[in-house]
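S.K.: My questions will all concern the structure given below.
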Amino acid sequence: MMYSKLSLRNVKRSFKDYAIYFLTITFAVSLFYSFNSLTAQQAMLKLSNSQEDMVQDLIYTIGIISIFISTVLAFLIIFANSFLVKRRKKELGMYMTLGMSKFNISKILVMETFFIGLVSLLVGLGLGTILSQGLSLLTAALFQVDIQEYTFVFSTTAMLKTILYFGIIFLIVMLFNVIMINRYKLIDLFIANKKNQQVKLKRTSTAIGVFVLSLLLIGSAYFLMLKYGLFKSMNLLWTSVGLGSIGTFLFFFSLSGFLLNIAKKNEKLYYKNINIFLLRQINSKVNSTFISMTIICLMLFFTIGVLSTGFSLKNSLEKDLTVTTPYDSTLSFFKYEESVENLEKKLEELNVKQYGDNITFKEYYSDESISSYLKGYTDKQAESVLEGKASAPLTLIKRSSYEGLARLQGKDPVNLEQNEVLILTNQKDMKKTMKRFVDNNKSIKINHKEYPLSGFQFMSVRTDKSAKDTMIVALPDQAVSEMEPSRISLNIQYEGEANKADQELYNLIETYNKNADKNTYLLGMTKTLVYEDATGTSTMIVYIGIYLGIIFLISSAAILALQQLSEASDNKVRYDLLKKIGVTQKEVNQSIFKQIFIYFMMPLSLAIIHSIFGIKVVNRAIMSAGESNVFFPSLLTAGVIIVVYGGYFLATYSGYKSILKK
Amino acid sequence: MQNILQVDHIEKYFGNKGNITKALNDISFKVDKGEFVGIMGPSGSGKTTLLNCISTIDTVTTGHITINGKDITTLKRRNLEKFRRDELGFIFQDFNLLDTLTAYENIALALSIQGEKPSKIQSNLQEIAEKLEISSVLDKFPYEMSGGQEQRVASARAIVANPSLVLADEPTGALDSKSSRLLLESFEKLNKELSTTILMVTHDAFTASYSNRILFIKDGKIFNELIKGNDSRKAFFNRIIEVITLLGGDANDVF
């Protein structure tokens, strides 16, 4: 087996060149494995029924995302591999001149891919197994559950899945290698990289024009998002993404056309040391890699955005739940076809009053809409709450219901005079508007009747996932006696074991809705469920954020690193020459450092600028859901990027130097 | 005449114990300011090793080399780099221009690494470009130029910083005869008008005939020395051929 020996020796010998390629695949394999091993991790977590359902959802989602990720990785590996093959054009040309057939050369490359794939798969799985132990700790922390008993987690399913997915990727890579070799001509292999690339946009003025256009596109994408927000419409969102992406592309496309000319104008910079050479190096690189620059910039933007907003979304989702969860559980029916009596009976039949103190109350819709009252008093926050709900009717409850509801929460109800009414809201953004409203109105007209207004109170009338009660008015019992209720609800405060009650209620709601006819959908929520749901949703976001974000991050860094390293040997001649004409080793090293640094920073800088706006927009969108703080998550994201991206940068720098030393 | 280069009993050994090759075997000579000296010898005679030692790229085993009053055999590596940058200019057989830079940038680089002011770089560069008749190709990349143009750009790069000594290693080796003549004529011009000191290694008699003095090297030793004096170039050329015949008669090295 001469060929396998040859390829094995090649892999060993060029391990330094392969190191980044190898490490990247290893990281990717380990991430892929550990995120897919979630099923096995479940064993050691103390999860409730509802949480188990959420973990199932999470596993399903990660399964889908893994398909996407493996596609991204396939592109990365093919890309990286073609770079490595290009680097070895001369060596392959040598084989050909020695009379080796293209078939045999392909065989060598296929075997090399096989060896690298095998080793990185094994090491990656090993690393992944260690990583997944840590990941289960993270899972426990995110779900806010305890670890039952520490067990060593190993998932055979995840292992097989990893082997299958990466096996396919490597097969594709092998295929690509064979195709690439077959297309090479001997002459091309020998005179590779002799010519300087042509500048894409020859005229500086055209380049500047395109550059300005790119800034306009990016600017308008920012503007659209800042003006209309994230959730205005899907079309708008995609338009902004499209504008931003095209803008980013044109930005890098035009950059090389005038960057050098601008630098030349600054004579102090241009004529300093070997800056002339450095600028040319960077310029020619940008000129030839603007497409990958664009992709990398967008991937980094995604990573930064998703990591920093993912964590802050988690914070915001989990905060402020106290307001919306005054009771241990709430069950309710909306009235559709059935009569109120029937619904009351059904609620009775559920037999849930055994769990503790409770209150049943009905809600009525008035003829007026909420916005008709608040016109002229709303501020920006309130407007965003009321947006799209212009005709939402004012909700009414009986005074006796209000008093009961308040007492069950442990609050003293506000004392109301004979005909006085009280406004309730549980939305933070409505507070100021309500204050203005009650300060300026002595009375309120409901269903064409005037009532004296007592004031407003910030409280919820039920336990729910989010604050939905914009404006409820508690009015004298007899005022609604003629009205048909639109909703009937039951609030419970547990006595005795809360865990048992929670589990039983959860099962009750699930089974009831499975069997019931569609007219009587039972809305049920427990305080525990609200908290679990918030942690579940946010965990999902954080998980996907970390998974996708880190894969994107290492992919971007790996592409940049390989692009630099693959041309290091071409540059060896140039740096040797610089040394001959008297450039010191130190200056050469500095120049290499600057070259790689600028190259790494270019897509990152634009991505950071994109992110500043992106985070702002996302923040605004989740502000309404609750408090959000991006400072700490941003710091964490910065840390991750500095470690991973910086690590790749340093590895590239030292790899570059060692290639030059050879 | 000011003494620019002094080579004192230098020896250079390759290999290890029991198998030693003496590439340079006790060579001594001097070059004065404004001289145009050629070094000739057959392949393997040690002329490239000699040039490498003088250009500080290689080190001698024993002996001393003094350039412009500084003994380079005792300099530290860091100082050597600085010395090379400030005192020497190089012209190589295969031009060695940076293919990513234009002619202008290649030449400017030699000045900018010495920390010259932008205004001085620009004026010096224009001046030297006119002397070497390369003003029209300044904005071109090496692959857009002819070999002769490339070598003249390389010469401009070597000379623009006004070094004490210009070292040329087979400068016409990769040129056709017409380009060679053009290049050598510009060497002559630089030597006369700017009194640039040039040390040129070649094995080509025609190329060597442009210099004022020729050292012949064989087996690591100086074998002969020819001085042009008041001879015409043609007469000098004939004397060179005579010496080459004497050296071992490898007629292949003549043209």
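Just remember, in the structure tokens the first chain shown is A, the second B, etc., residues are 1-based per chain, and ligands are 1-based in the order shown.
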With a distance threshold of 6 Å and counting only C-alpha atoms, extract the residues of chain B near chain A and express them as an MDAnalysis selection string.
M.R.: chainID B and resid 81 84:85 112:113 118
S.K.: Would you write out those residues with C-alpha atoms, as a JSON list (two decimals), in the first residue's frame?
M.R.:
```json
[["chain", "number", "residue", "atom", "x", "y", "z"],
["B", 81, "GLU", "CA", 20.02, 43.91, 9.53],
["B", 84, "ARG", "CA", 22.47, 45.84, 5.38],
["B", 85, "ARG", "CA", 19.62, 48.29, 5.10],
["B", 112, "SER", "CA", 10.70, 54.05, 3.37],
["B", 113, "ILE", "CA", 12.34, 51.27, 5.39],
["B", 118, "PRO", "CA", 7.76, 61.22, 1.90]]
```
S.K.: At a cut-off of 8 Å, using only C-alpha atoms, what residues contact Ser371 of chain A? Leave out same-chain residues fewer than 4 positions from it and give the result as an mmCIF file with N, CA and C atoms, in the first residue's frame.
M.R.:
```
data_model
loop_
_atom_site.group_PDB
_atom_site.id
_atom_site.type_symbol
_atom_site.label_atom_id
_atom_site.label_comp_id
_atom_site.auth_asym_id
_atom_site.auth_seq_id
_atom_site.Cartn_x
_atom_site.Cartn_y
_atom_site.Cartn_z
ATOM 1 N N LYS A 375 -57.623 58.005 24.524
ATOM 2 C CA LYS A 375 -57.181 58.967 23.508
ATOM 3 C C LYS A 375 -56.743 60.261 24.172
ATOM 4 N N LEU A 386 -51.077 49.336 22.677
ATOM 5 C CA LEU A 386 -52.414 49.390 22.066
ATOM 6 C C LEU A 386 -52.391 49.172 20.553
ATOM 7 N N ALA A 390 -57.025 48.499 18.385
ATOM 8 C CA ALA A 390 -57.816 49.721 18.453
ATOM 9 C C ALA A 390 -59.259 49.452 18.895
ATOM 10 N N SER A 391 -59.792 48.274 18.502
ATOM 11 C CA SER A 391 -61.201 48.035 18.809
ATOM 12 C C SER A 391 -61.394 47.096 20.002
ATOM 13 N N ALA A 392 -60.285 46.747 20.682
ATOM 14 C CA ALA A 392 -60.415 45.846 21.834
ATOM 15 C C ALA A 392 -61.341 46.474 22.874
#
```
S.K.: Considering only C-alpha atoms, return as a PyMOL selection string whatever protein or nucleic-acid residues lie within 12 Å of Gln381 of chain A, sequence-local ones (same chain, fewer than 2 positions apart) excluded.
M.R.: chain A and resi 377-379+383-387+427-434+620-621+623-625
S.K.: Next, write the just-selected residues to a file, as a compact mmCIF listing (two decimals), in the first residue's frame, keeping N, CA and C atoms as the atom set.
M.R.:
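part_23.txt, written as the output of this step:
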```txt
# COMPACT_ATOMS: atom_id res chain seq x y z
N TYR A 377 -54.26 60.57 26.24
CA TYR A 377 -53.47 60.36 27.46
C TYR A 377 -52.28 59.43 27.24
N THR A 378 -52.27 58.75 26.08
CA THR A 378 -51.25 57.72 25.89
C THR A 378 -49.87 58.31 25.64
N ASP A 379 -48.86 57.58 26.11
CA ASP A 379 -47.48 57.92 25.75
C ASP A 379 -47.00 56.86 24.75
N GLU A 383 -48.81 53.44 23.50
CA GLU A 383 -49.20 53.30 22.09
C GLU A 383 -48.74 51.97 21.51
N SER A 384 -47.52 51.57 21.89
CA SER A 384 -47.03 50.30 21.34
C SER A 384 -47.82 49.13 21.92
N VAL A 385 -48.35 49.29 23.15
CA VAL A 385 -49.20 48.24 23.72
C VAL A 385 -50.52 48.16 22.97
N LEU A 386 -51.08 49.34 22.68
CA LEU A 386 -52.41 49.39 22.07
C LEU A 386 -52.39 49.17 20.55
N GLU A 387 -51.18 49.19 20.00
CA GLU A 387 -51.06 49.07 18.56
C GLU A 387 -51.76 47.80 18.06
N GLN A 427 -50.20 45.85 33.08
CA GLN A 427 -49.13 46.13 32.13
C GLN A 427 -48.34 47.35 32.57
N LYS A 428 -47.05 47.12 32.74
CA LYS A 428 -46.18 48.16 33.26
C LYS A 428 -46.20 49.41 32.38
N ASP A 429 -46.25 49.15 31.08
CA ASP A 429 -46.19 50.27 30.14
C ASP A 429 -47.43 51.16 30.18
N MET A 430 -48.51 50.66 30.84
CA MET A 430 -49.75 51.44 30.87
C MET A 430 -49.83 52.33 32.10
N LYS A 431 -48.92 52.07 33.06
CA LYS A 431 -49.01 52.76 34.36
C LYS A 431 -49.12 54.28 34.24
N LYS A 432 -48.18 54.88 33.49
CA LYS A 432 -48.15 56.34 33.40
C LYS A 432 -49.41 56.88 32.71
N THR A 433 -49.82 56.17 31.67
CA THR A 433 -51.01 56.59 30.93
C THR A 433 -52.25 56.57 31.83
N MET A 434 -52.35 55.46 32.61
CA MET A 434 -53.50 55.35 33.52
C MET A 434 -53.49 56.47 34.55
N ARG A 620 -35.51 46.57 21.87
CA ARG A 620 -36.74 47.34 21.86
C ARG A 620 -37.93 46.40 21.78
N ALA A 621 -37.77 45.37 20.93
CA ALA A 621 -38.87 44.42 20.74
C ALA A 621 -39.17 43.66 22.03
N MET A 623 -38.37 44.68 25.08
CA MET A 623 -38.62 45.60 26.18
C MET A 623 -40.05 45.45 26.69
N SER A 624 -40.98 45.32 25.72
CA SER A 624 -42.39 45.28 26.10
C SER A 624 -42.71 44.02 26.89
N ALA A 625 -41.89 42.97 26.67
CA ALA A 625 -42.12 41.74 27.41
C ALA A 625 -41.57 41.86 28.82
```
S.K.: Name the closest residue to Thr463 of chain A among the candidates A:Asp328, A:Glu149, A:Glu91, A:Asp439; distances are taken between atoms, counting only C-alpha atoms.
M.R.: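 Of all the options, A:Asp328 lies closest to Thr463 of chain A.
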S.K.: Taking only segment 3-43 of chain B into account, list the residues labelled strand (DSSP E) by DSSP (computed from the backbone), as a ChimeraX atom specification.
M.R.: /B:3-16,19-32,36-40
S.K.: What would the file look like if the residues just selected were written as an mmCIF file, in the first residue's frame with C-alpha atoms?
M.R.:
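New file again33.cif:
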```cif
data_model
loop_
_atom_site.group_PDB
_atom_site.id
_atom_site.type_symbol
_atom_site.label_atom_id
_atom_site.label_comp_id
_atom_site.auth_asym_id
_atom_site.auth_seq_id
_atom_site.Cartn_x
_atom_site.Cartn_y
_atom_site.Cartn_z
ATOM 1 C CA ASN B 3 38.447 52.740 1.104
ATOM 2 C CA ILE B 4 34.916 51.286 0.999
ATOM 3 C CA LEU B 5 35.460 47.554 1.231
ATOM 4 C CA GLN B 6 38.368 45.717 2.763
ATOM 5 C CA VAL B 7 38.468 41.906 2.775
ATOM 6 C CA ASP B 8 41.149 40.481 5.076
ATOM 7 C CA HIS B 9 42.251 36.865 4.841
ATOM 8 C CA ILE B 10 38.751 35.405 4.908
ATOM 9 C CA GLU B 11 38.081 31.700 4.849
ATOM 10 C CA LYS B 12 34.791 29.867 4.640
ATOM 11 C CA TYR B 13 34.476 26.173 5.355
ATOM 12 C CA PHE B 14 31.496 23.990 4.613
ATOM 13 C CA GLY B 15 30.835 20.533 5.996
ATOM 14 C CA ASN B 16 32.006 18.919 9.201
ATOM 15 C CA ASN B 19 34.861 16.217 5.144
ATOM 16 C CA ILE B 20 35.651 19.880 4.815
ATOM 17 C CA THR B 21 35.204 21.955 1.692
ATOM 18 C CA LYS B 22 37.075 25.206 1.638
ATOM 19 C CA ALA B 23 34.740 27.450 -0.323
ATOM 20 C CA LEU B 24 36.902 30.479 0.348
ATOM 21 C CA ASN B 25 40.550 29.969 1.038
ATOM 22 C CA ASP B 26 42.406 33.027 2.300
ATOM 23 C CA ILE B 27 41.044 35.827 0.149
ATOM 24 C CA SER B 28 42.083 39.450 0.592
ATOM 25 C CA PHE B 29 41.355 42.523 -1.508
ATOM 26 C CA LYS B 30 40.220 46.143 -1.301
ATOM 27 C CA VAL B 31 37.670 48.243 -3.139
ATOM 28 C CA ASP B 32 37.907 52.038 -3.175
ATOM 29 C CA PHE B 36 33.329 49.270 -10.449
ATOM 30 C CA VAL B 37 34.794 45.883 -9.632
ATOM 31 C CA GLY B 38 33.920 42.600 -11.300
ATOM 32 C CA ILE B 39 34.440 39.187 -9.781
ATOM 33 C CA MET B 40 34.749 36.330 -12.232
#
```
S.K.: I'd like the interatomic distance between atom CA of Asn52 of chain B and atom CA of Ile91 of chain B, to a tenth of an Å.
M.R.: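 Between atom CA of Asn52 of chain B and atom CA of Ile91 of chain B the gap is 12.4 Å.
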S.K.: Expressed in Å to a single decimal, how great is the separation between atom CA of Thr325 of chain A and atom CA of Ala516 of chain A?
M.R.: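 Atom CA of Ala516 of chain A lies at a distance of 26.4 Å from atom CA of Thr325 of chain A.
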S.K.: Would you pick out the contacts of segment 176-185 of chain B at 9 Å or less, using only C-alpha atoms, so that residues sharing its chain but fewer than 3 positions from it are not included, and give the list as a PyMOL selection string?
M.R.: chain B and resi 132+147-149+151-152+155+171-173+188-190+207+210
S.K.: Okay, now the selection with C-alpha atoms, as an mmCIF file, in the first residue's frame?
M.R.:
```cif
data_model
loop_
_atom_site.group_PDB
_atom_site.id
_atom_site.type_symbol
_atom_site.label_atom_id
_atom_site.label_comp_id
_atom_site.auth_asym_id
_atom_site.auth_seq_id
_atom_site.Cartn_x
_atom_site.Cartn_y
_atom_site.Cartn_z
ATOM 1 C CA LEU B 132 17.680 54.663 -15.514
ATOM 2 C CA GLY B 147 13.138 41.549 -18.086
ATOM 3 C CA GLY B 148 15.401 44.484 -18.854
ATOM 4 C CA GLN B 149 12.949 46.947 -17.361
ATOM 5 C CA GLN B 151 16.309 44.675 -13.757
ATOM 6 C CA ARG B 152 16.648 48.415 -14.158
ATOM 7 C CA SER B 155 18.893 48.573 -9.901
ATOM 8 C CA PRO B 171 22.748 40.953 -12.952
ATOM 9 C CA THR B 172 22.614 40.028 -16.655
ATOM 10 C CA GLY B 173 22.124 36.314 -16.047
ATOM 11 C CA GLU B 188 28.559 52.641 -16.124
ATOM 12 C CA LYS B 189 26.581 55.847 -16.018
ATOM 13 C CA LEU B 190 25.743 55.465 -12.342
ATOM 14 C CA THR B 207 29.343 41.739 -18.703
ATOM 15 C CA TYR B 210 32.114 47.005 -18.316
#
```
S.K.: Might you pull out every residue within 12 Å of Asn212 of chain B, with only C-alpha atoms counted and same-chain residues fewer than 5 positions away left off, and present them as a PyMOL selection string?
M.R.: chain B and resi 31-32+34-39+187-188+191-192+197-200+207+225-233+236-237+240
S.K.: From the set B:Ser186, B:Ser43, B:Thr59, B:Ser164, which residue has the shortest atom-to-atom contact distance to Glu133 of chain B, counting only C-alpha atoms?
M.R.: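 Using only C-alpha atoms, the shortest distance to Glu133 of chain B belongs to B:Ser186.
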S.K.: Would you pick out the contacts of segment 647-662 of chain A at 7 Å or less, using only C-alpha atoms, so that residues sharing its chain but fewer than 5 positions from it are not included, and give the list as a PyMOL selection string?
M.R.: chain A and resi 557+561+565+568-569+572+593+596
S.K.: Given the selection you just returned, output its residues as a file containing C-alpha atoms, formatted as a PDB file, in the first residue's frame.
M.R.:
```pdb
ATOM      1  CA  ALA A 557     -12.496  32.198  12.059  1.00  0.00           C
ATOM      2  CA  ALA A 561      -7.264  31.517   9.139  1.00  0.00           C
ATOM      3  CA  LEU A 565      -2.243  30.328   5.880  1.00  0.00           C
ATOM      4  CA  ALA A 568       1.774  32.041   3.563  1.00  0.00           C
ATOM      5  CA  SER A 569       4.071  29.904   1.454  1.00  0.00           C
ATOM      6  CA  LYS A 572       7.587  33.367   1.955  1.00  0.00           C
ATOM      7  CA  PHE A 593       0.815  40.496  12.620  1.00  0.00           C
ATOM      8  CA  ILE A 596      -3.553  39.093   9.773  1.00  0.00           C
TER       9      ILE A 596
END
```
